[in-house]
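Undergrad: What follows is upload.pdb, PDB, C-alpha atoms.
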ATOM      1  CA  MET O   1       0.000   0.000   0.000
ATOM      2  CA  PRO O   2       1.625   3.310  -1.064
ATOM      3  CA  SER O   3       2.169   6.156   1.325
ATOM      4  CA  ALA O   4       1.557   9.805   0.554
ATOM      5  CA  PRO O   5       2.760  13.063   2.079
ATOM      6  CA  HIS O   6       1.976  13.599   5.780
ATOM      7  CA  GLY O   7       2.326   9.849   6.388
ATOM      8  CA  ARG O   8      -1.223   9.071   5.291
ATOM      9  CA  ARG O   9      -2.060   5.674   3.910
ATOM     10  CA  LEU O  10      -3.780   5.950   0.545
ATOM     11  CA  ASP O  11      -5.915   3.350  -1.129
ATOM     12  CA  ALA O  12      -4.245   1.425  -3.927
ATOM     13  CA  VAL O  13      -6.936   2.371  -6.461
ATOM     14  CA  PRO O  14      -5.468   5.209  -8.566
ATOM     15  CA  GLY O  15      -7.013   8.649  -8.643
ATOM     16  CA  PRO O  16      -9.630  10.245  -6.398
ATOM     17  CA  PHE O  17     -12.850   8.276  -6.021
ATOM     18  CA  THR O  18     -15.937   9.736  -7.711
ATOM     19  CA  PRO O  19     -19.625   9.441  -6.765
ATOM     20  CA  ARG O  20     -19.798   6.368  -9.046
ATOM     21  CA  THR O  21     -16.872   4.498  -7.503
ATOM     22  CA  PRO O  22     -18.348   1.270  -6.039
ATOM     23  CA  ARG O  23     -16.951   1.873  -2.553
ATOM     24  CA  VAL O  24     -18.429   5.363  -2.456
ATOM     25  CA  VAL O  25     -21.761   4.007  -3.692
ATOM     26  CA  ALA O  26     -21.697   1.307  -0.993
ATOM     27  CA  ALA O  27     -20.834   3.818   1.723
ATOM     28  CA  ARG O  28     -23.573   6.195   0.604
ATOM     29  CA  ARG O  29     -26.147   3.438   1.164
ATOM     30  CA  LEU O  30     -25.349   3.713   4.880
ATOM     31  CA  GLN O  31     -27.452   6.865   4.945
ATOM     32  CA  ARG O  32     -30.411   4.442   5.014
ATOM     33  CA  ARG O  33     -31.301   2.654   8.232
ATOM     34  CA  ARG O  34     -31.909  -0.720   6.607
ATOM     35  CA  ASP O  35     -28.407  -0.705   5.134
ATOM     36  CA  ARG O  36     -26.867   0.341   8.446
ATOM     37  CA  GLU O  37     -28.665  -2.540  10.137
ATOM     38  CA  SER O  38     -27.736  -5.125   7.519
ATOM     39  CA  THR O  39     -24.040  -4.179   7.438
ATOM     40  CA  GLY O  40     -23.504  -3.134  11.070
ATOM     41  CA  ARG O  41     -21.854   0.069   9.840
ATOM     42  CA  PHE O  42     -22.609   3.787   9.780
ATOM     43  CA  LEU O  43     -21.122   7.108   8.674
ATOM     44  CA  ALA O  44     -19.423   9.707  10.882
ATOM     45  CA  GLU O  45     -18.922  13.097   9.264
ATOM     46  CA  GLY O  46     -16.492  15.923  10.029
ATOM     47  CA  PRO O  47     -13.134  16.188  11.829
ATOM     48  CA  GLN O  48     -14.533  16.063  15.389
ATOM     49  CA  ALA O  49     -16.493  12.861  14.828
ATOM     50  CA  VAL O  50     -13.645  11.278  12.856
ATOM     51  CA  ARG O  51     -11.117  12.146  15.575
ATOM     52  CA  GLU O  52     -13.257  10.571  18.296
ATOM     53  CA  ALA O  53     -14.009   7.522  16.164
ATOM     54  CA  LEU O  54     -10.317   6.938  15.468
ATOM     55  CA  ALA O  55      -9.577   7.205  19.189
ATOM     56  CA  ARG O  56     -11.815   4.181  19.776
ATOM     57  CA  ALA O  57      -9.714   1.290  18.486
ATOM     58  CA  GLY O  58     -11.277  -0.903  15.825
ATOM     59  CA  THR O  59     -14.159   1.453  15.096
ATOM     60  CA  VAL O  60     -13.198   3.043  11.766
ATOM     61  CA  VAL O  61     -13.279   0.827   8.683
ATOM     62  CA  GLU O  62     -12.361   3.424   6.048
ATOM     63  CA  LEU O  63     -11.808   7.159   5.839
ATOM     64  CA  PHE O  64     -12.982   9.122   2.810
ATOM     65  CA  VAL O  65     -11.346  12.521   2.458
ATOM     66  CA  THR O  66     -10.883  15.243  -0.126
ATOM     67  CA  PRO O  67      -7.341  16.394  -1.058
ATOM     68  CA  ALA O  68      -7.967  19.764   0.582
ATOM     69  CA  ALA O  69      -9.108  18.104   3.804
ATOM     70  CA  LEU O  70      -6.043  15.859   3.778
ATOM     71  CA  ASP O  71      -3.897  18.955   3.897
ATOM     72  CA  ARG O  72      -5.984  20.539   6.682
ATOM     73  CA  HIS O  73      -6.195  17.373   8.769
ATOM     74  CA  ALA O  74      -2.920  15.582   8.155
ATOM     75  CA  ASP O  75      -2.928  14.454  11.796
ATOM     76  CA  LEU O  76      -6.130  12.474  11.297
ATOM     77  CA  ALA O  77      -4.775  10.841   8.143
ATOM     78  CA  ALA O  78      -1.616   9.884  10.016
ATOM     79  CA  GLN O  79      -3.663   8.507  12.909
ATOM     80  CA  ALA O  80      -5.704   6.424  10.480
ATOM     81  CA  ALA O  81      -2.512   5.128   8.853
ATOM     82  CA  ARG O  82      -1.113   4.049  12.220
ATOM     83  CA  ALA O  83      -4.349   2.125  12.826
ATOM     84  CA  ASP O  84      -4.073   0.489   9.384
ATOM     85  CA  VAL O  85      -7.291   2.208   8.257
ATOM     86  CA  PRO O  86      -7.496   2.851   4.494
ATOM     87  CA  VAL O  87      -7.599   6.545   3.602
ATOM     88  CA  SER O  88      -9.416   6.998   0.298
ATOM     89  CA  GLU O  89      -9.151  10.300  -1.550
ATOM     90  CA  VAL O  90     -12.447  11.394  -3.071
ATOM     91  CA  THR O  91     -13.571  14.259  -5.238
ATOM     92  CA  GLU O  92     -15.562  17.109  -3.733
ATOM     93  CA  GLU O  93     -18.617  15.713  -5.532
ATOM     94  CA  ALA O  94     -18.134  12.263  -3.987
ATOM     95  CA  LEU O  95     -17.701  13.737  -0.524
ATOM     96  CA  ALA O  96     -20.864  15.809  -0.986
ATOM     97  CA  ALA O  97     -22.736  12.616  -1.874
ATOM     98  CA  LEU O  98     -21.517  10.937   1.338
ATOM     99  CA  ALA O  99     -22.155  13.911   3.605
ATOM    100  CA  GLU O 100     -25.583  15.007   4.825
ATOM    101  CA  THR O 101     -24.689  18.586   5.770
ATOM    102  CA  VAL O 102     -24.980  21.643   3.556
ATOM    103  CA  ALA O 103     -21.304  22.571   3.971
ATOM    104  CA  PRO O 104     -19.354  19.326   4.550
ATOM    105  CA  GLN O 105     -15.865  19.547   6.035
ATOM    106  CA  GLY O 106     -14.154  17.057   3.757
ATOM    107  CA  LEU O 107     -14.025  13.894   5.894
ATOM    108  CA  VAL O 108     -16.427  10.972   6.272
ATOM    109  CA  ALA O 109     -15.552   7.775   8.115
ATOM    110  CA  VAL O 110     -17.233   4.400   7.742
ATOM    111  CA  CYS O 111     -17.551   3.016  11.284
ATOM    112  CA  ARG O 112     -18.622  -0.215  12.909
ATOM    113  CA  HIS O 113     -21.675  -0.236  15.163
ATOM    114  CA  LEU O 114     -20.822   0.331  18.812
ATOM    115  CA  ASP O 115     -23.673  -1.539  20.487
ATOM    116  CA  VAL O 116     -23.042  -2.864  23.983
ATOM    117  CA  PRO O 117     -25.467  -5.448  25.454
ATOM    118  CA  LEU O 118     -27.495  -4.132  28.390
ATOM    119  CA  ASP O 119     -26.111  -6.738  30.798
ATOM    120  CA  ALA O 120     -22.533  -5.885  29.834
ATOM    121  CA  ALA O 121     -23.110  -2.146  30.261
ATOM    122  CA  LEU O 122     -24.663  -2.613  33.706
ATOM    123  CA  ALA O 123     -21.917  -5.039  34.768
ATOM    124  CA  ARG O 124     -19.483  -2.111  34.564
ATOM    125  CA  GLY O 125     -21.290  -0.425  37.433
ATOM    126  CA  PRO O 126     -22.323   2.905  35.883
ATOM    127  CA  ARG O 127     -23.417   5.463  38.472
ATOM    128  CA  LEU O 128     -25.373   7.545  35.977
ATOM    129  CA  VAL O 129     -27.431   6.248  33.030
ATOM    130  CA  ALA O 130     -29.711   8.000  30.552
ATOM    131  CA  VAL O 131     -32.578   6.074  28.978
ATOM    132  CA  LEU O 132     -34.135   7.452  25.793
ATOM    133  CA  ALA O 133     -37.520   5.765  25.822
ATOM    134  CA  GLU O 134     -39.103   5.788  22.375
ATOM    135  CA  ILE O 135     -37.561   9.153  21.502
ATOM    136  CA  ARG O 136     -37.870   9.505  17.739
ATOM    137  CA  ASP O 137     -36.185  12.840  16.994
ATOM    138  CA  PRO O 138     -32.512  12.242  16.084
ATOM    139  CA  GLY O 139     -31.391  15.765  16.939
ATOM    140  CA  ASN O 140     -32.878  15.542  20.430
ATOM    141  CA  ALA O 141     -31.457  12.045  20.949
ATOM    142  CA  GLY O 142     -27.963  13.088  19.880
ATOM    143  CA  THR O 143     -28.072  16.180  22.081
ATOM    144  CA  VAL O 144     -29.139  14.159  25.133
ATOM    145  CA  LEU O 145     -26.377  11.646  24.382
ATOM    146  CA  ARG O 146     -23.838  14.484  24.286
ATOM    147  CA  THR O 147     -25.174  15.920  27.542
ATOM    148  CA  ALA O 148     -25.126  12.525  29.234
ATOM    149  CA  ASP O 149     -21.484  12.096  28.248
ATOM    150  CA  ALA O 150     -20.619  15.567  29.552
ATOM    151  CA  ALA O 151     -22.373  14.801  32.843
ATOM    152  CA  GLY O 152     -20.337  11.629  33.270
ATOM    153  CA  ALA O 153     -22.947   9.007  32.379
ATOM    154  CA  GLY O 154     -21.565   5.563  31.719
ATOM    155  CA  ALA O 155     -24.316   4.396  29.376
ATOM    156  CA  VAL O 156     -27.076   5.743  27.157
ATOM    157  CA  ILE O 157     -29.887   3.301  26.433
ATOM    158  CA  PHE O 158     -32.103   3.636  23.351
ATOM    159  CA  ALA O 159     -35.193   1.752  24.483
ATOM    160  CA  GLY O 160     -38.266   0.591  22.621
ATOM    161  CA  ASP O 161     -39.155   2.191  19.295
ATOM    162  CA  ALA O 162     -36.397   4.794  19.626
ATOM    163  CA  VAL O 163     -34.466   6.542  16.886
ATOM    164  CA  ASP O 164     -31.458   4.760  15.421
ATOM    165  CA  PRO O 165     -28.408   6.098  17.309
ATOM    166  CA  TYR O 166     -26.459   5.778  14.042
ATOM    167  CA  ASN O 167     -28.789   8.099  12.149
ATOM    168  CA  GLY O 168     -26.590  10.799  10.616
ATOM    169  CA  LYS O 169     -28.320  13.660  12.417
ATOM    170  CA  CYS O 170     -28.049  11.850  15.746
ATOM    171  CA  VAL O 171     -24.341  11.137  15.180
ATOM    172  CA  ARG O 172     -23.679  14.799  14.361
ATOM    173  CA  ALA O 173     -25.725  16.102  17.308
ATOM    174  CA  SER O 174     -23.724  13.882  19.667
ATOM    175  CA  ALA O 175     -20.549  15.795  18.638
ATOM    176  CA  GLY O 176     -18.348  12.744  19.147
ATOM    177  CA  SER O 177     -19.961  11.582  22.399
ATOM    178  CA  LEU O 178     -21.395   8.547  20.619
ATOM    179  CA  PHE O 179     -17.862   7.122  20.770
ATOM    180  CA  HIS O 180     -17.363   7.844  24.500
ATOM    181  CA  VAL O 181     -20.189   6.041  26.306
ATOM    182  CA  ASP O 182     -21.750   2.598  26.173
ATOM    183  CA  VAL O 183     -24.541   2.731  23.602
ATOM    184  CA  VAL O 184     -27.245   0.168  24.338
ATOM    185  CA  ARG O 185     -30.251  -0.688  22.177
ATOM    186  CA  ALA O 186     -33.005  -2.581  23.962
ATOM    187  CA  ALA O 187     -36.444  -3.564  22.715
ATOM    188  CA  GLY O 188     -38.479  -3.497  25.934
ATOM    189  CA  PRO O 189     -38.416  -0.296  28.034
ATOM    190  CA  VAL O 190     -40.176  -1.939  31.003
ATOM    191  CA  ALA O 191     -37.629  -4.765  30.978
ATOM    192  CA  VAL O 192     -34.874  -2.132  30.870
ATOM    193  CA  VAL O 193     -36.270  -0.520  34.026
ATOM    194  CA  ALA O 194     -36.321  -3.898  35.756
ATOM    195  CA  ALA O 195     -32.703  -4.555  34.770
ATOM    196  CA  LEU O 196     -31.627  -1.114  35.989
ATOM    197  CA  ARG O 197     -33.271  -1.630  39.365
ATOM    198  CA  ALA O 198     -31.782  -5.114  39.657
ATOM    199  CA  ALA O 199     -28.354  -3.550  39.047
ATOM    200  CA  GLY O 200     -28.877  -1.247  42.029
ATOM    201  CA  LEU O 201     -29.780   1.988  40.247
ATOM    202  CA  THR O 202     -32.585   4.264  41.366
ATOM    203  CA  VAL O 203     -34.848   4.837  38.349
ATOM    204  CA  LEU O 204     -36.321   8.325  37.976
ATOM    205  CA  ALA O 205     -38.934   9.174  35.355
ATOM    206  CA  THR O 206     -39.109  12.738  34.087
ATOM    207  CA  THR O 207     -42.598  14.142  33.649
ATOM    208  CA  GLY O 208     -44.137  17.572  33.903
ATOM    209  CA  TYR O 209     -46.772  16.085  36.230
ATOM    210  CA  GLY O 210     -44.367  14.327  38.559
ATOM    211  CA  ASP O 211     -45.134  14.146  42.264
ATOM    212  CA  SER O 212     -41.461  14.714  43.161
ATOM    213  CA  ASP O 213     -39.705  18.041  42.626
ATOM    214  CA  LEU O 214     -36.129  17.900  41.345
ATOM    215  CA  ASP O 215     -34.980  20.572  43.787
ATOM    216  CA  ASP O 216     -36.510  18.671  46.701
ATOM    217  CA  LEU O 217     -34.768  15.448  45.669
ATOM    218  CA  THR O 218     -31.472  17.305  45.397
ATOM    219  CA  ASP O 219     -31.851  18.991  48.790
ATOM    220  CA  ALA O 220     -32.760  15.676  50.399
ATOM    221  CA  GLY O 221     -29.622  14.013  49.030
ATOM    222  CA  ARG O 222     -31.599  11.453  47.046
ATOM    223  CA  LEU O 223     -29.541  11.994  43.889
ATOM    224  CA  ALA O 224     -26.294  10.863  45.510
ATOM    225  CA  ALA O 225     -27.083   7.210  44.761
ATOM    226  CA  PRO O 226     -26.463   5.570  41.343
ATOM    227  CA  THR O 227     -29.312   6.804  39.156
ATOM    228  CA  ALA O 228     -30.932   6.091  35.820
ATOM    229  CA  TRP O 229     -33.040   8.855  34.267
ATOM    230  CA  LEU O 230     -35.925   8.012  31.923
ATOM    231  CA  PHE O 231     -36.611  10.557  29.195
ATOM    232  CA  GLY O 232     -39.566  10.334  26.841
ATOM    233  CA  SER O 233     -40.404  11.950  23.526
ATOM    234  CA  GLU O 234     -41.038  15.671  23.485
ATOM    235  CA  ALA O 235     -44.445  15.180  21.881
ATOM    236  CA  HIS O 236     -45.834  12.349  24.007
ATOM    237  CA  GLY O 237     -43.631  12.063  27.094
ATOM    238  CA  LEU O 238     -43.085   8.730  28.804
ATOM    239  CA  PRO O 239     -45.573   5.873  28.472
ATOM    240  CA  GLU O 240     -47.653   5.395  31.621
ATOM    241  CA  GLU O 241     -46.269   1.918  32.262
ATOM    242  CA  LEU O 242     -42.759   3.371  32.470
ATOM    243  CA  THR O 243     -43.622   6.165  34.877
ATOM    244  CA  ALA O 244     -45.412   3.583  37.024
ATOM    245  CA  ALA O 245     -42.371   1.287  37.001
ATOM    246  CA  ALA O 246     -39.941   4.029  38.100
ATOM    247  CA  ASP O 247     -38.941   4.671  41.702
ATOM    248  CA  ALA O 248     -40.108   8.279  41.429
ATOM    249  CA  ARG O 249     -41.767  10.581  38.931
ATOM    250  CA  VAL O 250     -39.819  13.835  38.824
ATOM    251  CA  ARG O 251     -40.745  17.256  37.538
ATOM    252  CA  VAL O 252     -38.275  20.059  36.841
ATOM    253  CA  PRO O 253     -39.472  23.161  38.716
ATOM    254  CA  LEU O 254     -40.340  26.164  36.569
ATOM    255  CA  HIS O 255     -39.646  29.386  38.440
ATOM    256  CA  GLY O 256     -40.648  31.716  35.625
ATOM    257  CA  ARG O 257     -43.585  31.871  33.264
ATOM    258  CA  ALA O 258     -42.386  29.350  30.662
ATOM    259  CA  GLU O 259     -44.884  26.558  30.061
ATOM    260  CA  SER O 260     -42.218  23.857  29.927
ATOM    261  CA  LEU O 261     -38.656  22.933  28.971
ATOM    262  CA  ASN O 262     -37.837  21.064  25.806
ATOM    263  CA  LEU O 263     -36.474  17.537  26.082
ATOM    264  CA  ALA O 264     -32.790  18.405  25.708
ATOM    265  CA  ALA O 265     -32.949  21.214  28.268
ATOM    266  CA  ALA O 266     -34.845  19.115  30.813
ATOM    267  CA  ALA O 267     -32.398  16.242  30.353
ATOM    268  CA  ALA O 268     -29.453  18.585  30.910
ATOM    269  CA  VAL O 269     -30.943  19.936  34.156
ATOM    270  CA  CYS O 270     -31.650  16.433  35.504
ATOM    271  CA  LEU O 271     -28.368  14.845  34.461
ATOM    272  CA  TYR O 272     -26.287  17.686  35.876
ATOM    273  CA  ALA O 273     -28.225  17.637  39.130
ATOM    274  CA  SER O 274     -27.232  13.977  39.440
ATOM    275  CA  ALA O 275     -23.668  14.649  38.325
ATOM    276  CA  ARG O 276     -23.222  17.301  41.010
ATOM    277  CA  ALA O 277     -24.685  15.064  43.723
ATOM    278  CA  LEU O 278     -22.570  12.089  42.665
ATOM    279  CA  ARG O 279     -19.351  14.114  42.499
ATOM    280  CA  ARG O 280     -19.781  16.195  45.643
ATOM    281  CA  PRO O 281     -17.717  13.944  47.929
ATOM    282  CA  ALA O 282     -15.107  13.252  45.254
ATOM    283  CA  GLY O 283     -13.100  16.489  45.408
ATOM    284  CA  PRO O 284     -11.747  17.916  42.123
ATOM    285  CA  ARG O 285     -14.225  18.914  39.488
ATOM    286  CA  GLY O 286     -14.082  18.097  35.804
ATOM    287  CA  HIS O 287     -13.156  20.572  33.111
ATOM    288  CA  THR O 288     -15.438  23.509  32.436
ATOM    289  CA  ALA O 289     -17.418  24.156  29.305
ATOM    290  CA  GLY O 290     -15.042  26.996  28.441
ATOM    291  CA  GLU O 291     -12.030  24.698  28.640
ATOM    292  CA  SER O 292     -13.602  22.170  26.272
ATOM    293  CA  ALA O 293     -14.927  24.655  23.729
ATOM    294  CA  GLY O 294     -13.381  25.001  20.325
TER     295      GLY O 294
END
Kindly return the structure encoded in the file as structure tokens.
TA:
Amino acid sequence: MPSAPHGRRLDAVPGPFTPRTPRVVAARRLQRRRDRESTGRFLAEGPQAVREALARAGTVVELFVTPAALDRHADLAAQAARADVPVSEVTEEALAALAETVAPQGLVAVCRHLDVPLDAALARGPRLVAVLAEIRDPGNAGTVLRTADAAGAGAVIFAGDAVDPYNGKCVRASAGSLFHVDVVRAAGPVAVVAALRAAGLTVLATTGYGDSDLDDLTDAGRLAAPTAWLFGSEAHGLPEELTAAADARVRVPLHGRAESLNLAAAAAVCLYASARALRRPAGPRGHTAGESAG
């Protein structure tokens, strides 16, 4: 396999790939859920997602990149080469066909699915878990996944008829966090709750009509125990059988005149309330948002 400038490994096929090159055509099919499911692969777009995917050994199968992006991101090409990942140069038109954004940044990686079985994820003893119960919006799901990662969650569970975590919009909204936490897909939300409780986690269901106030739980120290938060769809909330199965039904207090919080905002408030309670005895705090920006 020939090497190119910057130490990148280039595919043996001569010339940049075009939209009609078979490998580009095959990769483009991964924009469809049925093809992601049948192949166990998905696409990660942009330098941030590619960097995080490459940092997780064995995840990236191939990296498609334009010549201009190779020059801008020589470090990523070199990292791929060290991992023996093929780096395939593509035309701007081919990259545009692979990307789903209006202004793609020149890199798209083909990645293996990251699914972790529920039992395996719980065996690792996570102290904070987010459960996306039948959430269908990929942007919301990806944002909650990113927030859960930032709050220190060990696992994010996509339960029931939830969005595909490998949907392109969900992958982008996670901003690389998809590659940091255990991603679990489970068919039965009620069975998930039972497994969480059996693993020693307190299960809290978020609902605007909850009989427990988040501030009261925090003040009472009830968030200091390992906790799993259940989040439902923005349109329909959590199914009644899930709120009934939880240890408590929690509402986020609204101190102003807003009618409600959207899903991502409510999840952030709840997850960070748990993160603060869980970390309080531990001493040093994690990095700040300002330190991680950019």
Undergrad: Applying the PyMOL selection byres ((chain O and resi 137-145) around 9) to the file I just gave you, which residues come out? Please list them as a PyMOL selection string.
TA: chain O and resi 130+132+135-136+146-150+156+158+162-165+167-175+177-178+181+233-234+263-265+267-268
Undergrad: Just want the 7 Å neighbourhood of stretch 245-250 of chain O, counted on all atoms listed in the file, with same-chain residues fewer than 2 positions away dropped. Output as a PyMOL selection string.
TA: chain O and resi 202-207+210-214+241-243+252
Undergrad: Between atom CA of O:Val190 and atom CA of O:Leu278, what is the distance in Å, rounded to a tenth?
TA: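 About the pair atom CA of O:Val190 and atom CA of O:Leu278: they are 25.4 Å apart.
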Undergrad: Name the residues captured by the PyMOL selection byres ((chain O and resi 40) around 9) when it is applied to the shown file; answer as a list in words.
TA: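 Checking the PyMOL selection byres ((chain O and resi 40) around 9) against this file, the residues are Asp35, Arg36, Glu37, Ser38, Thr39, Arg41, Phe42, Cys111, Arg112, His113 and Leu114 of chain O.
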Undergrad: Select, from O:Ala194, O:Ala199, O:Pro67, O:Ala77, the residue with the minimum atom-to-atom distance to O:Ala244, counting all atoms listed in the file.
TA: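 Looking only at the distances to O:Ala244, the closest residue turns out to be O:Ala194.
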Undergrad: For O:Ala186, find every residue with an atom within 8 Å (counting all atoms listed in the file), except residues of its own chain fewer than 3 positions away, and show them as a list in words.
TA: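 Residues near the query, excluding close chain neighbours: Leu118, Ile157, Phe158, Ala159, Gly160, Pro189 and Val192 of chain O.
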Undergrad: What is the distance between atom CA of O:Ala26 and atom CA of O:His73, in Å to one decimal?
TA: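 Value for the atom CA of O:Ala26-atom CA of O:His73 distance: 24.4 Å.
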Undergrad: What gap, in Å, lies between atom CA of O:Ala151 and atom CA of O:Thr227?
TA: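 About the pair atom CA of O:Ala151 and atom CA of O:Thr227: they are 12.3 Å apart.
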